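Note sheet for the following structure.
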Amino acid sequence: MGASVLENTLFTKSILGRMLHFERTRICVYILAWLWAAVYRATDLELLAVAAQVLFSEQLLSRWVRMEWLRSRAERLYEDLYALIQSTSDLSSKEFRARVIETLIRYETSKAQAGLSLSTGVFNKLNPELSHKWRSLCDQLGITPSRDPTD
């Protein structure tokens with residue numbers, strides 16, 4: 001179970017990292033366009049108000065903040081679980097299993113609280129690279145990767 005959660009957090013943080021490149025760029029472009037329109041005196045105030053509603057709506061800034069939060073949370077969970085696996089000699093101990101279950105619960109509740117869907121396109125692009133990284137990580141930690149159903 002620990003390997004599965006570690007793999008999930010690796011993929012989640014990596015996919016969100018790539019998704020955030022686009023999201024940050026989009027937010028910057030919208031903010032710059034809105035600022036330009038606000039400074040330009042000939043801009044219709046109604047148009048400026050509509051642009052502000054779009055910019056500060058749930059679909060833009062709030063989504064970006066939730067993406068940043070989930071990425072940060074997934075990175076922290078990944079680092080914590082990586083350190084736990086690396087420092088534990090008995091992977092079948094009750095304490096280890098309890099801490100893995102705690103990490104699993106924190107991961108799943110974080111995903112639910114963020115309310116985001118990860119991009120399938122980004123996943124498909126990153127999957128070969130992340131799968132290779134995952135196999136290397138398994139070798140490094142001495143854990144057995146979950147079996148790929150496509151093999």
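Residue numbering restarts at 1 for every chain of the structure tokens, chains are lettered A, B, ... in their displayed order, and ligands are numbered from 1 as they appear.
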Next on the checklist: Can you pull out every residue from range 54-132 of chain A that DSSP, working from the backbone, puts in helix (DSSP H, G or I), and format the result as a count of residues only?
Outcome noted: 66
Find the spatial neighbours of Arg99 in chain A, counting only C-alpha atoms, within a cut-off of 9 Å - ignore same-chain residues fewer than 4 positions away - and output them as a PDB file with all heavy atoms, in the first residue's frame.
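Heads up, here's the output in result-v2.pdb:
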ATOM      1  N   LEU A  81       6.376  10.355   2.873  1.00  0.00           N
ATOM      2  CA  LEU A  81       6.287   8.911   2.670  1.00  0.00           C
ATOM      3  C   LEU A  81       7.619   8.341   2.172  1.00  0.00           C
ATOM      4  O   LEU A  81       8.020   7.256   2.581  1.00  0.00           O
ATOM      5  CB  LEU A  81       5.160   8.576   1.691  1.00  0.00           C
ATOM      6  CG  LEU A  81       4.794   7.105   1.568  1.00  0.00           C
ATOM      7  CD1 LEU A  81       4.475   6.479   2.923  1.00  0.00           C
ATOM      8  CD2 LEU A  81       3.605   6.932   0.630  1.00  0.00           C
ATOM      9  N   LEU A  84       9.754   8.050   5.157  1.00  0.00           N
ATOM     10  CA  LEU A  84       9.270   6.952   5.990  1.00  0.00           C
ATOM     11  C   LEU A  84       9.729   5.599   5.441  1.00  0.00           C
ATOM     12  O   LEU A  84      10.249   4.766   6.185  1.00  0.00           O
ATOM     13  CB  LEU A  84       7.740   6.977   6.080  1.00  0.00           C
ATOM     14  CG  LEU A  84       7.083   5.830   6.841  1.00  0.00           C
ATOM     15  CD1 LEU A  84       7.476   5.858   8.313  1.00  0.00           C
ATOM     16  CD2 LEU A  84       5.571   5.892   6.677  1.00  0.00           C
ATOM     17  N   LYS A  94       3.313  -2.706  12.412  1.00  0.00           N
ATOM     18  CA  LYS A  94       2.032  -2.020  12.597  1.00  0.00           C
ATOM     19  C   LYS A  94       2.205  -0.503  12.535  1.00  0.00           C
ATOM     20  O   LYS A  94       1.351   0.195  11.979  1.00  0.00           O
ATOM     21  CB  LYS A  94       1.405  -2.414  13.932  1.00  0.00           C
ATOM     22  CG  LYS A  94       0.861  -3.816  13.955  1.00  0.00           C
ATOM     23  CD  LYS A  94       0.209  -4.126  15.273  1.00  0.00           C
ATOM     24  CE  LYS A  94      -0.320  -5.554  15.263  1.00  0.00           C
ATOM     25  NZ  LYS A  94      -1.015  -5.866  16.513  1.00  0.00           N
ATOM     26  N   GLU A  95       3.279   0.006  13.079  1.00  0.00           N
ATOM     27  CA  GLU A  95       3.514   1.456  13.059  1.00  0.00           C
ATOM     28  C   GLU A  95       3.686   1.952  11.624  1.00  0.00           C
ATOM     29  O   GLU A  95       3.115   2.976  11.242  1.00  0.00           O
ATOM     30  CB  GLU A  95       4.757   1.813  13.870  1.00  0.00           C
ATOM     31  CG  GLU A  95       5.042   3.292  13.863  1.00  0.00           C
ATOM     32  CD  GLU A  95       6.347   3.666  14.553  1.00  0.00           C
ATOM     33  OE1 GLU A  95       6.947   2.827  15.231  1.00  0.00           O
ATOM     34  OE2 GLU A  95       6.756   4.828  14.383  1.00  0.00           O
ATOM     35  N   THR A 103      -1.094   8.584   5.688  1.00  0.00           N
ATOM     36  CA  THR A 103      -0.696   9.317   4.482  1.00  0.00           C
ATOM     37  C   THR A 103      -1.718   9.126   3.376  1.00  0.00           C
ATOM     38  O   THR A 103      -2.052  10.087   2.657  1.00  0.00           O
ATOM     39  CB  THR A 103       0.704   8.862   4.010  1.00  0.00           C
ATOM     40  OG1 THR A 103       1.633   9.047   5.080  1.00  0.00           O
ATOM     41  CG2 THR A 103       1.168   9.646   2.800  1.00  0.00           C
ATOM     42  N   LEU A 104      -2.224   7.912   3.222  1.00  0.00           N
ATOM     43  CA  LEU A 104      -3.249   7.636   2.223  1.00  0.00           C
ATOM     44  C   LEU A 104      -4.494   8.495   2.482  1.00  0.00           C
ATOM     45  O   LEU A 104      -5.043   9.104   1.555  1.00  0.00           O
ATOM     46  CB  LEU A 104      -3.622   6.157   2.225  1.00  0.00           C
ATOM     47  CG  LEU A 104      -4.831   5.757   1.377  1.00  0.00           C
ATOM     48  CD1 LEU A 104      -4.558   6.012  -0.100  1.00  0.00           C
ATOM     49  CD2 LEU A 104      -5.187   4.305   1.616  1.00  0.00           C
TER      50      LEU A 104
END
Checklist entry - Which is closest to Phe22 in chain A among A:Val5, A:Leu48, A:Leu60, A:Val39, if we use only C-alpha atoms? => result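 Ranking A:Val5, A:Leu48, A:Leu60, A:Val39 by distance to Phe22 in chain A, first place goes to A:Leu60.
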Checklist entry - So how far away is CA of Arg66 in chain A from CA of Ala112 in chain A, in Å? => result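 Separating CA of Ala112 in chain A from CA of Arg66 in chain A is a distance of 11.0 Å.
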Next on the checklist: Please compute the CA of Arg97 in chain A-CA of Leu130 in chain A distance, one decimal, in Å.
Outcome noted: 25.2 Å
Next on the checklist: Nearest residue to Ser119 in chain A out of A:Met67, A:Leu45, A:Leu10, A:Ala3, using only C-alpha atoms?
Outcome noted: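 Ranked by minimum distance to Ser119 in chain A, first place goes to A:Met67.
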Checklist entry - So, counting only C-alpha atoms, which residue among A:Glu108, A:Glu102, A:Glu68, A:Asp90 is closest to Arg24 in chain A? => result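 Under the stated criterion, the closest residue is A:Glu68.
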Next on the checklist: What's the separation between CA of Glu79 in chain A and CA of Thr9 in chain A, in Å to one decimal place?
Outcome noted: 9.2 Å
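For Ile31 in chain A, the set of protein, DNA and RNA residues having any atom at most 12 Å away, when counting only C-alpha atoms and skipping those fewer than 4 positions along the same chain, is A:Arg24, A:Thr25, A:Arg26, A:Ile27, A:Leu35, A:Trp36, A:Ala37, A:Ala38, A:Leu48, A:Ala51, A:Ala52, A:Gln53, A:Val54, A:Leu55, A:Phe56, A:Leu60, A:Leu61.
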Item to check | Contacts of Thr120 in chain A within 10 Å, only C-alpha atoms, excl. fewer than 5 positions in-chain, as a list of chain:residue names | outcome: A:Ile15, A:Lys125, A:Leu126
Item to check | Residue nearest Ser87 in chain A among A:Leu32, A:Leu141, A:His21, A:Arg73 (counting only C-alpha atoms) | outcome: A:Leu141
Checklist entry - Nearest to Leu16 in chain A among A:Glu46, A:Tyr40, A:Ser110, A:Ser117, with distances taken over only C-alpha atoms: which residue is it? => result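 Smallest separation from Leu16 in chain A among the options: A:Ser117.
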